[in-house]
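A.B. asks: Dropping in entry-v8.cif, with mmCIF, C-alpha atoms and all ligand atoms.
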data_upload
loop_
_atom_site.group_PDB
_atom_site.id
_atom_site.type_symbol
_atom_site.label_atom_id
_atom_site.label_comp_id
_atom_site.auth_asym_id
_atom_site.auth_seq_id
_atom_site.Cartn_x
_atom_site.Cartn_y
_atom_site.Cartn_z
ATOM 1 C CA MET A 1 0.000 0.000 0.000
ATOM 2 C CA THR A 2 1.085 3.550 -0.719
ATOM 3 C CA GLN A 3 -0.278 6.615 1.012
ATOM 4 C CA ILE A 4 -1.577 9.430 -1.161
ATOM 5 C CA ASN A 5 -2.731 12.904 -0.240
ATOM 6 C CA VAL A 6 -5.123 14.396 -2.742
ATOM 7 C CA LYS A 7 -7.799 17.066 -2.870
ATOM 8 C CA VAL A 8 -10.962 15.796 -4.536
ATOM 9 C CA ASP A 9 -13.896 18.114 -5.158
ATOM 10 C CA GLY A 10 -12.461 20.556 -2.654
ATOM 11 C CA VAL A 11 -11.904 18.053 0.166
ATOM 12 C CA GLU A 12 -8.478 16.799 1.287
ATOM 13 C CA TYR A 13 -8.086 13.033 1.494
ATOM 14 C CA SER A 14 -5.256 10.912 2.836
ATOM 15 C CA ASP A 15 -5.631 7.280 1.840
ATOM 16 C CA ASP A 16 -3.720 4.068 1.360
ATOM 17 C CA VAL A 17 -3.954 2.661 -2.145
ATOM 18 C CA GLU A 18 -2.397 -0.240 -3.947
ATOM 19 C CA PRO A 19 0.174 0.867 -6.514
ATOM 20 C CA ARG A 20 -1.938 -0.700 -9.283
ATOM 21 C CA THR A 21 -5.196 1.036 -8.316
ATOM 22 C CA LEU A 22 -6.628 3.162 -11.091
ATOM 23 C CA LEU A 23 -7.807 6.663 -10.282
ATOM 24 C CA VAL A 24 -11.353 5.845 -11.397
ATOM 25 C CA HIS A 25 -11.507 2.901 -9.016
ATOM 26 C CA TYR A 26 -10.097 4.995 -6.160
ATOM 27 C CA LEU A 27 -12.744 7.645 -6.795
ATOM 28 C CA ARG A 28 -15.617 5.199 -7.017
ATOM 29 C CA GLU A 29 -14.692 2.537 -4.505
ATOM 30 C CA GLN A 30 -12.737 4.389 -1.828
ATOM 31 C CA LEU A 31 -14.362 7.816 -2.026
ATOM 32 C CA GLY A 32 -17.813 6.708 -3.191
ATOM 33 C CA LYS A 33 -17.794 9.152 -6.092
ATOM 34 C CA VAL A 34 -19.836 6.956 -8.383
ATOM 35 C CA GLY A 35 -20.787 9.864 -10.624
ATOM 36 C CA THR A 36 -17.579 9.082 -12.464
ATOM 37 C CA VAL A 37 -18.304 5.943 -14.452
ATOM 38 C CA VAL A 38 -16.442 3.225 -16.318
ATOM 39 C CA GLY A 39 -17.610 2.609 -19.860
ATOM 40 C CA CYS A 40 -14.637 0.608 -21.075
ATOM 41 C CA ASP A 41 -11.262 -0.271 -19.671
ATOM 42 C CA THR A 42 -9.256 0.635 -22.698
ATOM 43 C CA SER A 43 -9.130 4.457 -22.587
ATOM 44 C CA ASN A 44 -11.589 4.686 -25.466
ATOM 45 C CA CYS A 45 -14.915 5.970 -24.248
ATOM 46 C CA GLY A 46 -14.175 8.995 -22.054
ATOM 47 C CA ALA A 47 -16.976 8.196 -19.606
ATOM 48 C CA CYS A 48 -14.455 8.355 -16.758
ATOM 49 C CA THR A 49 -13.180 11.871 -17.566
ATOM 50 C CA VAL A 50 -12.284 14.071 -14.596
ATOM 51 C CA HIS A 51 -10.088 17.125 -14.174
ATOM 52 C CA LEU A 52 -6.573 16.741 -12.788
ATOM 53 C CA ASP A 53 -5.157 20.114 -11.782
ATOM 54 C CA GLY A 54 -7.740 21.719 -14.035
ATOM 55 C CA ARG A 55 -7.189 19.663 -17.194
ATOM 56 C CA SER A 56 -9.278 16.736 -18.328
ATOM 57 C CA VAL A 57 -7.901 13.215 -18.044
ATOM 58 C CA LYS A 58 -9.408 9.789 -18.494
ATOM 59 C CA SER A 59 -9.299 8.502 -14.938
ATOM 60 C CA CYS A 60 -9.070 4.878 -16.109
ATOM 61 C CA ASN A 61 -5.760 5.848 -17.619
ATOM 62 C CA VAL A 62 -4.226 7.364 -14.459
ATOM 63 C CA LEU A 63 -2.975 5.530 -11.397
ATOM 64 C CA ALA A 64 -4.216 6.734 -8.039
ATOM 65 C CA VAL A 65 -0.617 7.103 -6.860
ATOM 66 C CA GLN A 66 -0.046 9.619 -9.674
ATOM 67 C CA VAL A 67 -2.474 12.116 -8.143
ATOM 68 C CA ASP A 68 -0.574 12.302 -4.852
ATOM 69 C CA GLY A 69 -0.184 15.999 -4.083
ATOM 70 C CA HIS A 70 -2.588 17.047 -6.814
ATOM 71 C CA GLU A 71 -6.184 18.207 -7.163
ATOM 72 C CA VAL A 72 -8.971 16.240 -8.815
ATOM 73 C CA THR A 73 -12.408 17.521 -9.746
ATOM 74 C CA THR A 74 -15.205 15.144 -10.662
ATOM 75 C CA ILE A 75 -18.692 15.679 -12.020
ATOM 76 C CA GLU A 76 -19.800 15.724 -8.374
ATOM 77 C CA GLY A 77 -17.697 18.770 -7.620
ATOM 78 C CA ILE A 78 -18.736 21.295 -10.253
ATOM 79 C CA ALA A 79 -22.181 22.388 -9.067
ATOM 80 C CA ASP A 80 -22.498 25.196 -6.543
ATOM 81 C CA GLY A 81 -24.813 23.637 -3.991
ATOM 82 C CA ASP A 82 -28.159 23.220 -5.709
ATOM 83 C CA THR A 83 -27.094 25.418 -8.619
ATOM 84 C CA LEU A 84 -25.854 23.402 -11.562
ATOM 85 C CA HIS A 85 -22.659 24.354 -13.352
ATOM 86 C CA ARG A 86 -23.675 26.158 -16.521
ATOM 87 C CA MET A 87 -22.438 23.234 -18.617
ATOM 88 C CA GLN A 88 -24.663 20.857 -16.647
ATOM 89 C CA GLN A 89 -27.572 23.255 -17.090
ATOM 90 C CA ALA A 90 -26.884 23.567 -20.812
ATOM 91 C CA PHE A 91 -26.904 19.776 -21.252
ATOM 92 C CA HIS A 92 -30.212 19.656 -19.425
ATOM 93 C CA ASP A 93 -31.744 22.505 -21.418
ATOM 94 C CA ALA A 94 -30.560 21.203 -24.807
ATOM 95 C CA HIS A 95 -31.648 17.593 -24.143
ATOM 96 C CA ALA A 96 -28.040 16.594 -24.689
ATOM 97 C CA LEU A 97 -28.423 13.154 -23.147
ATOM 98 C CA GLN A 98 -30.580 10.101 -23.342
ATOM 99 C CA CYS A 99 -29.327 7.239 -21.169
ATOM 100 C CA GLY A 100 -26.885 9.633 -19.511
ATOM 101 C CA PHE A 101 -24.038 7.187 -19.170
ATOM 102 C CA CYS A 102 -21.570 9.266 -21.160
ATOM 103 C CA THR A 103 -22.768 12.533 -19.666
ATOM 104 C CA PRO A 104 -20.452 12.979 -16.659
ATOM 105 C CA GLY A 105 -17.362 12.502 -18.786
ATOM 106 C CA MET A 106 -18.805 14.487 -21.665
ATOM 107 C CA ILE A 107 -19.514 17.469 -19.421
ATOM 108 C CA MET A 108 -16.050 17.387 -17.834
ATOM 109 C CA GLN A 109 -14.457 17.228 -21.283
ATOM 110 C CA ALA A 110 -16.698 19.999 -22.630
ATOM 111 C CA ILE A 111 -15.666 22.296 -19.781
ATOM 112 C CA ASP A 112 -12.020 21.604 -20.567
ATOM 113 C CA VAL A 113 -12.554 22.296 -24.272
ATOM 114 C CA LEU A 114 -14.047 25.712 -23.567
ATOM 115 C CA ASN A 115 -11.436 26.508 -20.953
ATOM 116 C CA GLU A 116 -8.782 25.870 -23.592
ATOM 117 C CA HIS A 117 -10.712 27.365 -26.501
ATOM 118 C CA PRO A 118 -13.178 29.983 -25.229
ATOM 119 C CA ASP A 119 -13.999 31.011 -28.805
ATOM 120 C CA ALA A 120 -14.190 27.457 -30.157
ATOM 121 C CA ASP A 121 -16.160 27.040 -33.374
ATOM 122 C CA GLU A 122 -18.300 23.958 -33.972
ATOM 123 C CA GLU A 123 -15.450 22.025 -35.543
ATOM 124 C CA THR A 124 -13.168 22.732 -32.589
ATOM 125 C CA ILE A 125 -15.870 21.593 -30.174
ATOM 126 C CA ARG A 126 -16.439 18.381 -32.130
ATOM 127 C CA VAL A 127 -12.710 17.656 -32.288
ATOM 128 C CA GLY A 128 -12.384 18.432 -28.582
ATOM 129 C CA LEU A 129 -15.088 15.898 -27.751
ATOM 130 C CA GLU A 130 -13.926 13.173 -30.106
ATOM 131 C CA GLY A 131 -12.402 11.125 -27.286
ATOM 132 C CA ASN A 132 -15.800 10.888 -25.609
ATOM 133 C CA LEU A 133 -18.242 8.404 -27.082
ATOM 134 C CA CYS A 134 -22.032 8.578 -26.919
ATOM 135 C CA ARG A 135 -24.143 5.703 -28.134
ATOM 136 C CA CYS A 136 -27.437 7.568 -27.906
ATOM 137 C CA THR A 137 -27.599 11.168 -29.014
ATOM 138 C CA GLY A 138 -25.824 11.451 -32.351
ATOM 139 C CA TYR A 139 -23.831 14.269 -30.719
ATOM 140 C CA HIS A 140 -25.889 17.060 -32.272
ATOM 141 C CA ASN A 141 -27.536 18.238 -29.081
ATOM 142 C CA ILE A 142 -24.311 17.782 -27.160
ATOM 143 C CA VAL A 143 -22.610 20.269 -29.472
ATOM 144 C CA LYS A 144 -25.583 22.617 -29.159
ATOM 145 C CA ALA A 145 -25.316 22.412 -25.379
ATOM 146 C CA VAL A 146 -21.628 23.264 -25.421
ATOM 147 C CA GLN A 147 -22.333 26.207 -27.706
ATOM 148 C CA ALA A 148 -25.072 27.390 -25.354
ATOM 149 C CA ALA A 149 -22.715 27.164 -22.390
ATOM 150 C CA GLN A 150 -20.108 28.958 -24.453
ATOM 151 C CA SER A 151 -22.363 31.887 -25.160
ATOM 152 C CA GLY A 152 -22.931 32.086 -21.421
ATOM 153 C CA GLY A 153 -19.181 31.730 -20.821
ATOM 154 C CA ALA A 154 -18.537 28.225 -19.432
ATOM 155 C CA GLN A 155 -16.362 28.092 -16.333
HETATM 156 S S1 LIG S 201 -13.694 4.087 -18.847
HETATM 157 FE FE1 LIG S 201 -12.044 5.445 -19.178
HETATM 158 S S2 LIG S 201 -12.043 5.822 -21.292
HETATM 159 FE FE2 LIG S 201 -13.638 4.347 -21.023
HETATM 160 S S1 LIG S 202 -26.548 9.603 -23.602
HETATM 161 FE FE1 LIG S 202 -26.369 7.414 -23.697
HETATM 162 S S2 LIG S 202 -24.266 7.122 -24.142
HETATM 163 FE FE2 LIG S 202 -24.517 9.259 -24.317
#
Could you write out this structure as structure tokens?
C.D. replies:
Amino acid sequence: MTQINVKVDGVEYSDDVEPRTLLVHYLREQLGKVGTVVGCDTSNCGACTVHLDGRSVKSCNVLAVQVDGHEVTTIEGIADGDTLHRMQQAFHDAHALQCGFCTPGMIMQAIDVLNEHPDADEETIRVGLEGNLCRCTGYHNIVKAVQAAQSGGAQ
């Protein structure tokens, strides 16, 4: 076991993890943050996307020991109390989900895309989301949601 100290969704944690534990499993199984989901185990689907020091990463592709001393934000940490993050609200308003399984990772990736490219055009948004797969929506409403959040200035 290796001890890690990490801030997750604004709370400091100090935990023992096995060196082989993936970040997504640490988040879900040790911290109970099941909003971050596993859609594959091959780094393909993006469902597990979280922010590590403010940039998106696929948490099935990061070891828990690698976040020692760092800050992680999950889908559970972006709302302000009962007020949704504007990207969450935009997905809701634009009907940008059906089953919702891809949605946590999609939202975390979309926030990162707009943080990096505040003036992103549609093509840039689509390219930015290409590592996140959705089996349901055809992506159209997802892009519309990101554009709506963009016009409101996503955080
Ligand atoms: S679960 Fe991480 S990319 Fe699919
Ligand atoms: S809403 Fe079902 S996978 Fe995207």
A.B. asks: Mind listing the residues within 10 Å of ligand LIG 202 (chain S), all atoms listed in the file counted, as a list in words?
C.D. replies: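 Sorted by chain and then by number, the residues are Gly39, Cys45, Ala47, His95, Ala96, Leu97, Gln98, Cys99, Gly100, Phe101, Cys102, Thr103, Pro104, Gly105, Met106, Asn132, Leu133, Cys134, Arg135, Cys136, Thr137, Gly138, Tyr139 and Ile142 of chain A.
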A.B. asks: Take the PyMOL selection byres (((chain A and resi 25) around 12) and not hetatm), apply it to the structure above, and return the hits as a ChimeraX atom specification.
C.D. replies: /A:17-18,20-24,26-38,41,48,58-65
A.B. asks: Atom CA of A:Ala94 and atom CA of A:Ala145 are how many Å apart?
C.D. replies: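 A separation of 5.4 Å between them.
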A.B. asks: Provide an axis-aligned box for all listed atoms of stretch 74-85 of chain A, padding each side by 4 Å; report its centre and its edge lengths in Å to one decimal, as lines of an AutoDock Vina configuration file.
C.D. replies:
center_x = -21.7
center_y = 20.3
center_z = -8.7
size_x = 21.0
size_y = 18.3
size_z = 17.4
A.B. asks: Rounded to one decimal place, report the atom CA of A:Cys40-atom CA of A:Asp112 distance in Å.
C.D. replies: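 Atom CA of A:Asp112 lies at a distance of 21.2 Å from atom CA of A:Cys40.
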A.B. asks: Complete the atoms of stretch 36-51 of chain A to N, CA and C atoms and put them out as a PDB file, keeping the file's coordinate frame.
C.D. replies:
ATOM      1  N   THR A  36     -18.587   9.367 -11.449  1.00  0.00           N
ATOM      2  CA  THR A  36     -17.579   9.082 -12.464  1.00  0.00           C
ATOM      3  C   THR A  36     -17.689   7.607 -12.814  1.00  0.00           C
ATOM      4  N   VAL A  37     -17.941   7.314 -14.075  1.00  0.00           N
ATOM      5  CA  VAL A  37     -18.304   5.943 -14.452  1.00  0.00           C
ATOM      6  C   VAL A  37     -17.251   5.313 -15.359  1.00  0.00           C
ATOM      7  N   VAL A  38     -17.346   3.998 -15.465  1.00  0.00           N
ATOM      8  CA  VAL A  38     -16.442   3.225 -16.318  1.00  0.00           C
ATOM      9  C   VAL A  38     -17.240   2.665 -17.493  1.00  0.00           C
ATOM     10  N   GLY A  39     -16.902   3.096 -18.687  1.00  0.00           N
ATOM     11  CA  GLY A  39     -17.610   2.609 -19.860  1.00  0.00           C
ATOM     12  C   GLY A  39     -16.801   1.610 -20.662  1.00  0.00           C
ATOM     13  N   CYS A  40     -15.521   1.559 -20.400  1.00  0.00           N
ATOM     14  CA  CYS A  40     -14.637   0.608 -21.075  1.00  0.00           C
ATOM     15  C   CYS A  40     -13.465   0.436 -20.102  1.00  0.00           C
ATOM     16  N   ASP A  41     -12.484  -0.318 -20.487  1.00  0.00           N
ATOM     17  CA  ASP A  41     -11.262  -0.271 -19.671  1.00  0.00           C
ATOM     18  C   ASP A  41     -10.068  -0.156 -20.589  1.00  0.00           C
ATOM     19  N   THR A  42     -10.298   0.542 -21.685  1.00  0.00           N
ATOM     20  CA  THR A  42      -9.256   0.635 -22.698  1.00  0.00           C
ATOM     21  C   THR A  42      -8.976   2.073 -23.120  1.00  0.00           C
ATOM     22  N   SER A  43      -9.395   3.036 -22.314  1.00  0.00           N
ATOM     23  CA  SER A  43      -9.130   4.457 -22.587  1.00  0.00           C
ATOM     24  C   SER A  43      -9.829   4.963 -23.839  1.00  0.00           C
ATOM     25  N   ASN A  44     -10.920   4.309 -24.219  1.00  0.00           N
ATOM     26  CA  ASN A  44     -11.589   4.686 -25.466  1.00  0.00           C
ATOM     27  C   ASN A  44     -12.794   5.592 -25.299  1.00  0.00           C
ATOM     28  N   CYS A  45     -13.573   5.392 -24.234  1.00  0.00           N
ATOM     29  CA  CYS A  45     -14.915   5.970 -24.248  1.00  0.00           C
ATOM     30  C   CYS A  45     -15.022   7.345 -23.610  1.00  0.00           C
ATOM     31  N   GLY A  46     -14.137   7.677 -22.689  1.00  0.00           N
ATOM     32  CA  GLY A  46     -14.175   8.995 -22.054  1.00  0.00           C
ATOM     33  C   GLY A  46     -15.194   9.146 -20.945  1.00  0.00           C
ATOM     34  N   ALA A  47     -15.950   8.083 -20.641  1.00  0.00           N
ATOM     35  CA  ALA A  47     -16.976   8.196 -19.606  1.00  0.00           C
ATOM     36  C   ALA A  47     -16.387   8.529 -18.236  1.00  0.00           C
ATOM     37  N   CYS A  48     -15.121   8.200 -18.057  1.00  0.00           N
ATOM     38  CA  CYS A  48     -14.455   8.355 -16.758  1.00  0.00           C
ATOM     39  C   CYS A  48     -13.715   9.697 -16.622  1.00  0.00           C
ATOM     40  N   THR A  49     -13.967  10.628 -17.538  1.00  0.00           N
ATOM     41  CA  THR A  49     -13.180  11.871 -17.566  1.00  0.00           C
ATOM     42  C   THR A  49     -13.386  12.718 -16.313  1.00  0.00           C
ATOM     43  N   VAL A  50     -12.290  13.138 -15.728  1.00  0.00           N
ATOM     44  CA  VAL A  50     -12.284  14.071 -14.596  1.00  0.00           C
ATOM     45  C   VAL A  50     -11.245  15.137 -14.901  1.00  0.00           C
ATOM     46  N   HIS A  51     -11.135  16.118 -14.035  1.00  0.00           N
ATOM     47  CA  HIS A  51     -10.088  17.125 -14.174  1.00  0.00           C
ATOM     48  C   HIS A  51      -8.975  16.855 -13.162  1.00  0.00           C
TER      49      HIS A  51
END
